[in-house]
Every structure is written in structure tokens, then in C-alpha cells.
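Asker: Dropping a structure here in C-alpha cells format, bear with me for questions.
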Amino acid sequence: MKKELDLLYKEIASCTRCHLAQERINPVRDQSDPGKARVILVGEAPGANEIKHGFPFAGEAGKKLSTYLSLAGLTREEVYITNVVRCRPTANGGKRNRTPAKEIPLCGGWLDRELAIFRSHTVIPLTVVTLGNISLKWLCGKSCIIGNCHGRLVQLDEMKILPMYHPAAAIYRKELDALIRSEFEELGKYIEAAGQ
Ligand code: SF4
């Protein structure tokens with residue numbers, strides 16, 4: 001599986017499907033062993049910290065995510081993290097991140113191919129946790145909204161998808177923290193029971 005992912009990431013590193021390619025500095029890729037992944041997590045797009053460090057969820061949201069994962073009995077080494085969009089979408093002269101609305105349809109195909117690689121190699125179908133609206137909508141359809149779908153497992157083709165709030169949401173909306181914690185605890189019980 002690693003070889004196939006290596007080839008895919010080589011293609012992504014030279015992708016020019018959208019204008020974000022001009023600003024690409026450092027490719028972002030999860031550093032855990034994909035063969036050991038018990039869960040796949042899908043975020044939105046890299047931000048400044050991710051570009052700096054070269055792996056997804058490297059900043060404040062990443063710290064939150066690690067805390068939530070521990071509630072599910074998972075470490076970062078036991079999950080595989082990826083994004084819908086691969087290059088950093090910026091606004092305000094690079095000072096802040098923005099929602100990559102125009103880039104999603106151009107970039108999302110990489111995620112589809114990445115998940116197909118996992119599906120072709122995994123005996124027990126892995127749970128794919130979407131973090132926030134962007135990955136939820138890409139995988140489950142535009143009518144899905146995180147506020148309505150969070151915490152409920154969806155069977156989609158050969159994938160089990162669990163929509164969760166993006167960890168950054170709890171930084172801005174502190175009232176979400178308890179809800180996200182309880183849903184990660186449920187995730188832990190679910191994957192344990194499913195033998196993942
Ligand atoms: S954001 Fe995606 S589609 Fe755009 S250049 Fe980067 S890899 Fe290609």
C-alpha cells in the first residue's frame with residue numbers, strides 16, 4: 001500500500017489542476033504507517049502550520065485532535081490523516097486561510113484515489129471520519145450538513161463514514177467541546193467492537 005501511496009503523492013506534488021500549485025511550498029502528508037491505520041480522518045486543507053511542518057493537523061487544531069483521539073483510545077500513529085484539498089488556500093496576501101470552495105472539485109479526486117488504495121488493501125473496511133463540512137460534503141453529498149449529521153455512521157458504497165465536527169470548531173465554539181469528546185468516546189467503542 002505504501003508504494004501506491006508514494007506514487008499518488010508524487011503525482012499530487014506536481015499537480016497543476018488549480019492556481020494553488022503556484023504557492024505550493026512543502027507537500028503535506030501523514031507520517032504514520034498507513035498499514036497500521038485503524039481509522040482514516042479527512043480534514044479540509046493544510047494551513048500555515050501544516051505547510052511548515054509537512055504533516056496534517058500540525059497546529060492548534062492538531063493538538064485538539066490528539067486529545068480527542070486519546071478519548072477514542074487512539075494515538076496519531078494509529079490513524080491516517082488526509083485532506084480534501086492538498087495545497088494551502090490563502091486569503092489576505094497569505095495572512096489567513098480560507099475555505100477552498102473553487103478548488104474542492106478540482107482537488108477532491110486525489111482523496112477518492114487515496115481512499116480507493118486503502119479499500120483495495122484493507123480486509124476490515126476502515127471507518128472514515130470526516131472532520132467538518134468540507135470532507136463530509138465531498139464524500140456524502142452537498143446536502144449533508146455537519147450540524148445535522150455529526151456522530152451518525154453512514155454506509156456509503158464500501159465505506160463506513162462517521163461525520164464529526166472539525167476540531168477547530170471547538171476552539172471557536174467552546175460549547176462543542178463536550179459533544180465532540182463524547183462522540184470520540186463513542187468512536188473508540190465502535191472500532192473496538194468492530195475489531196478495527
Ligand atoms: S490544491 Fe489540489 S488541485 Fe490544486 S494544485 Fe494543489 S493538488 Fe492540485
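The way I read the labels, and the way they are meant: chains A, B, ... in the order of the C-alpha cells, residue 1 as the first residue of every chain, and ligand 1 as the first ligand shown, with later ones counted on from there.
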At a cut-off of 12 Å, using only C-alpha atoms, what residues contact Leu136 of chain A? Leave out same-chain residues fewer than 3 positions from it and give the result as an NGL selection string.

Answerer: :A and (41-44 or 83-84 or 108 or 128-133 or 139-154 or 156 or 161-166)

Asker: Which polymer residues have any atom within 10 Å of an atom of Thr90 of chain A, counting only C-alpha atoms, with same-chain residues fewer than 2 positions away left out, as an NGL selection string?

Answerer: :A and (20 or 23 or 46-48 or 87-88 or 92-100)

Asker: Let me have all residues with an atom within 12 Å of ligand 1, counting only C-alpha atoms and all ligand atoms, laid out as a PyMOL selection string.

Answerer: chain A and resi 8-29+44-46+83-90+99-111

Asker: Could those selected residues go to a file with N, CA and C atoms, as a short mmCIF file (atom, residue, chain, number, x, y, z; two decimals), in the first residue's frame?

Answerer:
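This went into again.cif:
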```cif
data_model
loop_
_atom_site.label_atom_id
_atom_site.label_comp_id
_atom_site.auth_asym_id
_atom_site.auth_seq_id
_atom_site.Cartn_x
_atom_site.Cartn_y
_atom_site.Cartn_z
N LEU A 8 1.07 8.06 -5.63
CA LEU A 8 -0.02 9.05 -5.65
C LEU A 8 0.48 10.41 -5.17
N TYR A 9 1.26 10.40 -4.07
CA TYR A 9 1.74 11.69 -3.53
C TYR A 9 2.77 12.33 -4.45
N LYS A 10 3.45 11.53 -5.25
CA LYS A 10 4.36 12.09 -6.25
C LYS A 10 3.55 12.87 -7.29
N GLU A 11 2.44 12.27 -7.69
CA GLU A 11 1.55 12.95 -8.66
C GLU A 11 0.98 14.24 -8.06
N ILE A 12 0.56 14.13 -6.79
CA ILE A 12 -0.04 15.31 -6.14
C ILE A 12 0.99 16.44 -6.07
N ALA A 13 2.24 16.08 -5.79
CA ALA A 13 3.29 17.10 -5.64
C ALA A 13 3.54 17.88 -6.92
N SER A 14 3.17 17.29 -8.07
CA SER A 14 3.38 18.02 -9.32
C SER A 14 2.06 18.43 -9.98
N CYS A 15 0.97 18.33 -9.22
CA CYS A 15 -0.36 18.68 -9.76
C CYS A 15 -0.45 20.18 -10.07
N THR A 16 -1.03 20.49 -11.21
CA THR A 16 -1.24 21.90 -11.57
C THR A 16 -2.70 22.14 -11.96
N ARG A 17 -3.60 21.35 -11.38
CA ARG A 17 -5.01 21.49 -11.77
C ARG A 17 -5.61 22.83 -11.35
N CYS A 18 -5.05 23.44 -10.32
CA CYS A 18 -5.59 24.75 -9.94
C CYS A 18 -4.45 25.71 -9.59
N HIS A 19 -4.79 26.98 -9.42
CA HIS A 19 -3.78 28.02 -9.25
C HIS A 19 -3.02 27.90 -7.91
N LEU A 20 -3.54 27.08 -6.98
CA LEU A 20 -2.82 26.93 -5.70
C LEU A 20 -1.45 26.27 -5.90
N ALA A 21 -1.27 25.61 -7.03
CA ALA A 21 0.02 24.99 -7.33
C ALA A 21 1.15 26.02 -7.30
N GLN A 22 0.82 27.27 -7.70
CA GLN A 22 1.87 28.31 -7.76
C GLN A 22 2.40 28.66 -6.37
N GLU A 23 1.58 28.40 -5.35
CA GLU A 23 2.00 28.77 -3.98
C GLU A 23 2.48 27.56 -3.19
N ARG A 24 2.50 26.39 -3.84
CA ARG A 24 2.88 25.18 -3.10
C ARG A 24 4.35 25.26 -2.69
N ILE A 25 4.59 25.05 -1.38
CA ILE A 25 5.96 25.14 -0.87
C ILE A 25 6.42 23.76 -0.40
N ASN A 26 5.62 23.17 0.45
CA ASN A 26 6.03 21.95 1.11
C ASN A 26 4.87 20.95 1.05
N PRO A 27 5.06 19.79 0.43
CA PRO A 27 3.94 18.85 0.37
C PRO A 27 3.55 18.37 1.77
N VAL A 28 2.26 18.22 1.99
CA VAL A 28 1.76 17.80 3.31
C VAL A 28 1.31 16.35 3.21
N ARG A 29 1.83 15.53 4.12
CA ARG A 29 1.46 14.11 4.09
C ARG A 29 1.55 13.52 5.50
N GLU A 44 -9.88 19.39 5.91
CA GLU A 44 -10.26 20.31 4.83
C GLU A 44 -9.07 20.58 3.89
N ALA A 45 -8.09 21.31 4.41
CA ALA A 45 -6.93 21.71 3.60
C ALA A 45 -5.82 22.10 4.57
N PRO A 46 -4.56 22.06 4.14
CA PRO A 46 -3.50 22.47 5.05
C PRO A 46 -3.52 23.97 5.33
N ASN A 83 -6.53 15.16 3.63
CA ASN A 83 -7.38 16.33 3.40
C ASN A 83 -8.09 16.23 2.05
N VAL A 84 -9.13 17.03 1.89
CA VAL A 84 -9.80 17.10 0.58
C VAL A 84 -8.94 17.92 -0.38
N VAL A 85 -8.41 19.04 0.09
CA VAL A 85 -7.57 19.93 -0.74
C VAL A 85 -6.13 19.85 -0.24
N ARG A 86 -5.18 19.79 -1.17
CA ARG A 86 -3.78 19.46 -0.80
C ARG A 86 -2.85 20.64 -0.67
N CYS A 87 -3.15 21.74 -1.33
CA CYS A 87 -2.30 22.93 -1.20
C CYS A 87 -3.03 23.95 -0.34
N ARG A 88 -2.30 24.86 0.25
CA ARG A 88 -2.91 25.80 1.20
C ARG A 88 -3.70 26.91 0.49
N PRO A 89 -5.00 27.01 0.78
CA PRO A 89 -5.78 28.11 0.21
C PRO A 89 -5.66 29.34 1.12
N THR A 90 -5.12 30.41 0.61
CA THR A 90 -4.89 31.58 1.45
C THR A 90 -5.76 32.77 1.02
N THR A 99 -11.76 29.08 3.04
CA THR A 99 -12.42 27.86 2.57
C THR A 99 -12.14 27.70 1.08
N PRO A 100 -11.63 26.53 0.67
CA PRO A 100 -11.21 26.36 -0.73
C PRO A 100 -12.37 25.97 -1.65
N ALA A 101 -13.40 26.81 -1.70
CA ALA A 101 -14.63 26.46 -2.43
C ALA A 101 -14.37 26.09 -3.90
N LYS A 102 -13.58 26.92 -4.60
CA LYS A 102 -13.38 26.67 -6.04
C LYS A 102 -12.45 25.47 -6.28
N GLU A 103 -11.55 25.23 -5.33
CA GLU A 103 -10.53 24.21 -5.53
C GLU A 103 -11.03 22.79 -5.21
N ILE A 104 -12.08 22.69 -4.39
CA ILE A 104 -12.54 21.36 -3.94
C ILE A 104 -12.86 20.43 -5.13
N PRO A 105 -13.66 20.88 -6.11
CA PRO A 105 -13.98 19.94 -7.20
C PRO A 105 -12.76 19.57 -8.04
N LEU A 106 -11.74 20.41 -8.05
CA LEU A 106 -10.54 20.11 -8.83
C LEU A 106 -9.61 19.17 -8.09
N CYS A 107 -9.65 19.24 -6.77
CA CYS A 107 -8.67 18.52 -5.95
C CYS A 107 -9.23 17.23 -5.33
N GLY A 108 -10.54 17.18 -5.15
CA GLY A 108 -11.13 16.06 -4.39
C GLY A 108 -10.85 14.68 -4.97
N GLY A 109 -10.57 14.62 -6.27
CA GLY A 109 -10.28 13.33 -6.90
C GLY A 109 -9.08 12.63 -6.29
N TRP A 110 -8.12 13.42 -5.78
CA TRP A 110 -6.95 12.80 -5.13
C TRP A 110 -7.40 12.01 -3.90
N LEU A 111 -8.33 12.58 -3.15
CA LEU A 111 -8.83 11.87 -1.96
C LEU A 111 -9.54 10.58 -2.37
#
```

Asker: Extract, using only C-alpha atoms, all DNA, RNA and protein residues at most 12 Å from Ala72 of chain A, discarding same-chain residues fewer than 4 positions from it, and format them as a PDB file with N, CA and C atoms, in the first residue's frame.

Answerer:
```pdb
ATOM      1  N   ARG A  38      -6.045   2.426  11.964  1.00  0.00           N
ATOM      2  CA  ARG A  38      -7.311   1.836  12.402  1.00  0.00           C
ATOM      3  C   ARG A  38      -8.489   2.695  11.956  1.00  0.00           C
ATOM      4  N   VAL A  39      -8.212   3.961  11.690  1.00  0.00           N
ATOM      5  CA  VAL A  39      -9.241   4.909  11.268  1.00  0.00           C
ATOM      6  C   VAL A  39      -8.591   5.888  10.284  1.00  0.00           C
ATOM      7  N   LEU A  65      -7.128  17.668  18.195  1.00  0.00           N
ATOM      8  CA  LEU A  65      -7.422  16.373  17.600  1.00  0.00           C
ATOM      9  C   LEU A  65      -6.730  15.244  18.380  1.00  0.00           C
ATOM     10  N   SER A  66      -5.488  15.453  18.772  1.00  0.00           N
ATOM     11  CA  SER A  66      -4.773  14.419  19.531  1.00  0.00           C
ATOM     12  C   SER A  66      -5.488  14.123  20.846  1.00  0.00           C
ATOM     13  N   THR A  67      -5.995  15.166  21.498  1.00  0.00           N
ATOM     14  CA  THR A  67      -6.740  14.975  22.757  1.00  0.00           C
ATOM     15  C   THR A  67      -7.996  14.152  22.496  1.00  0.00           C
ATOM     16  N   TYR A  68      -8.723  14.521  21.438  1.00  0.00           N
ATOM     17  CA  TYR A  68      -9.953  13.782  21.112  1.00  0.00           C
ATOM     18  C   TYR A  68      -9.639  12.326  20.758  1.00  0.00           C
ATOM     19  N   ARG A  76      -1.874   9.184  17.331  1.00  0.00           N
ATOM     20  CA  ARG A  76      -1.706   9.683  15.961  1.00  0.00           C
ATOM     21  C   ARG A  76      -1.089   8.607  15.063  1.00  0.00           C
ATOM     22  N   GLU A  78      -1.845   5.574  15.065  1.00  0.00           N
ATOM     23  CA  GLU A  78      -2.850   4.543  14.726  1.00  0.00           C
ATOM     24  C   GLU A  78      -3.933   5.076  13.779  1.00  0.00           C
ATOM     25  N   VAL A  79      -3.783   6.326  13.364  1.00  0.00           N
ATOM     26  CA  VAL A  79      -4.755   6.868  12.417  1.00  0.00           C
ATOM     27  C   VAL A  79      -3.995   7.401  11.194  1.00  0.00           C
ATOM     28  N   ILE A 180     -18.066  16.890  21.100  1.00  0.00           N
ATOM     29  CA  ILE A 180     -17.022  16.227  20.303  1.00  0.00           C
ATOM     30  C   ILE A 180     -16.328  15.156  21.141  1.00  0.00           C
ATOM     31  N   ARG A 181     -16.077  15.477  22.406  1.00  0.00           N
ATOM     32  CA  ARG A 181     -15.452  14.483  23.288  1.00  0.00           C
ATOM     33  C   ARG A 181     -16.296  13.216  23.366  1.00  0.00           C
ATOM     34  N   SER A 182     -17.581  13.391  23.579  1.00  0.00           N
ATOM     35  CA  SER A 182     -18.446  12.211  23.737  1.00  0.00           C
ATOM     36  C   SER A 182     -18.517  11.420  22.428  1.00  0.00           C
ATOM     37  N   GLU A 183     -18.458  12.117  21.279  1.00  0.00           N
ATOM     38  CA  GLU A 183     -18.525  11.378  20.015  1.00  0.00           C
ATOM     39  C   GLU A 183     -17.217  10.622  19.734  1.00  0.00           C
ATOM     40  N   PHE A 184     -16.096  11.157  20.159  1.00  0.00           N
ATOM     41  CA  PHE A 184     -14.848  10.406  20.010  1.00  0.00           C
ATOM     42  C   PHE A 184     -14.833   9.201  20.954  1.00  0.00           C
ATOM     43  N   GLU A 185     -15.412   9.344  22.129  1.00  0.00           N
ATOM     44  CA  GLU A 185     -15.512   8.179  23.033  1.00  0.00           C
ATOM     45  C   GLU A 185     -16.346   7.083  22.374  1.00  0.00           C
ATOM     46  N   GLU A 186     -17.439   7.498  21.717  1.00  0.00           N
ATOM     47  CA  GLU A 186     -18.289   6.525  21.008  1.00  0.00           C
ATOM     48  C   GLU A 186     -17.519   5.880  19.861  1.00  0.00           C
ATOM     49  N   LEU A 187     -16.714   6.680  19.152  1.00  0.00           N
ATOM     50  CA  LEU A 187     -15.894   6.135  18.069  1.00  0.00           C
ATOM     51  C   LEU A 187     -14.991   5.025  18.611  1.00  0.00           C
ATOM     52  N   GLY A 188     -14.370   5.282  19.757  1.00  0.00           N
ATOM     53  CA  GLY A 188     -13.481   4.286  20.370  1.00  0.00           C
ATOM     54  C   GLY A 188     -14.222   2.980  20.644  1.00  0.00           C
ATOM     55  N   LYS A 189     -15.429   3.089  21.186  1.00  0.00           N
ATOM     56  CA  LYS A 189     -16.214   1.870  21.480  1.00  0.00           C
ATOM     57  C   LYS A 189     -16.566   1.151  20.183  1.00  0.00           C
ATOM     58  N   TYR A 190     -16.897   1.941  19.167  1.00  0.00           N
ATOM     59  CA  TYR A 190     -17.322   1.348  17.896  1.00  0.00           C
ATOM     60  C   TYR A 190     -16.176   0.568  17.231  1.00  0.00           C
ATOM     61  N   ILE A 191     -15.013   1.185  17.140  1.00  0.00           N
ATOM     62  CA  ILE A 191     -13.916   0.489  16.424  1.00  0.00           C
ATOM     63  C   ILE A 191     -13.439  -0.718  17.215  1.00  0.00           C
ATOM     64  N   GLU A 192     -13.538  -0.638  18.539  1.00  0.00           N
ATOM     65  CA  GLU A 192     -13.169  -1.787  19.372  1.00  0.00           C
ATOM     66  C   GLU A 192     -14.112  -2.950  19.071  1.00  0.00           C
TER      67      GLU A 192
END
```

Asker: Return the single residue from A:Gly195, A:Pro34, A:Pro125, A:Pro167 that is closest to Glu77 of chain A, with distances computed using only C-alpha atoms.

Answerer: A:Pro34

Asker: From segment 6-149 of chain A, collect each residue whose DSSP state is helix (DSSP H, G or I) and return the set as number ranges by chain.

Answerer: A: 6-13, 19-23, 34-36, 48-53, 60-71, 76-78, 104-121, 133-140, 146-149

Asker: Please run DSSP on the backbone and report, as a ChimeraX atom specification, all residues within segment 2-131 of chain A that come out as strand (DSSP E or B).

Answerer: /A:39-43,79-83,90-91,96-97,127-131

Asker: Next, write the just-selected residues to a file, as a PDB file, in the first residue's frame, keeping C-alpha atoms as the atom set.

Answerer:
```pdb
ATOM      1  CA  VAL A  39      -9.241   4.909  11.268  1.00  0.00           C
ATOM      2  CA  ILE A  40      -8.870   7.391   8.389  1.00  0.00           C
ATOM      3  CA  LEU A  41      -9.536  11.044   9.213  1.00  0.00           C
ATOM      4  CA  VAL A  42     -10.278  13.570   6.478  1.00  0.00           C
ATOM      5  CA  GLY A  43      -9.884  17.301   7.089  1.00  0.00           C
ATOM      6  CA  VAL A  79      -4.755   6.868  12.417  1.00  0.00           C
ATOM      7  CA  TYR A  80      -4.145   8.086   8.885  1.00  0.00           C
ATOM      8  CA  ILE A  81      -4.963  11.734   8.272  1.00  0.00           C
ATOM      9  CA  THR A  82      -5.551  13.360   4.936  1.00  0.00           C
ATOM     10  CA  ASN A  83      -7.381  16.331   3.396  1.00  0.00           C
ATOM     11  CA  THR A  90      -4.891  31.585   1.446  1.00  0.00           C
ATOM     12  CA  ALA A  91      -6.539  34.974   1.631  1.00  0.00           C
ATOM     13  CA  ARG A  96      -5.035  33.756   6.693  1.00  0.00           C
ATOM     14  CA  ASN A  97      -6.607  30.529   5.469  1.00  0.00           C
ATOM     15  CA  THR A 127     -14.050   3.838   9.295  1.00  0.00           C
ATOM     16  CA  VAL A 128     -13.547   7.168   7.540  1.00  0.00           C
ATOM     17  CA  VAL A 129     -14.104  10.084   9.922  1.00  0.00           C
ATOM     18  CA  THR A 130     -14.901  13.313   8.123  1.00  0.00           C
ATOM     19  CA  LEU A 131     -13.847  16.384  10.125  1.00  0.00           C
TER      20      LEU A 131
END
```

Asker: Rounded to one decimal place, report the atom CA of Leu176 of chain A-atom CA of Gly59 of chain A distance in Å.

Answerer: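 So the two atoms, atom CA of Leu176 of chain A and atom CA of Gly59 of chain A, lie 19.0 Å apart.
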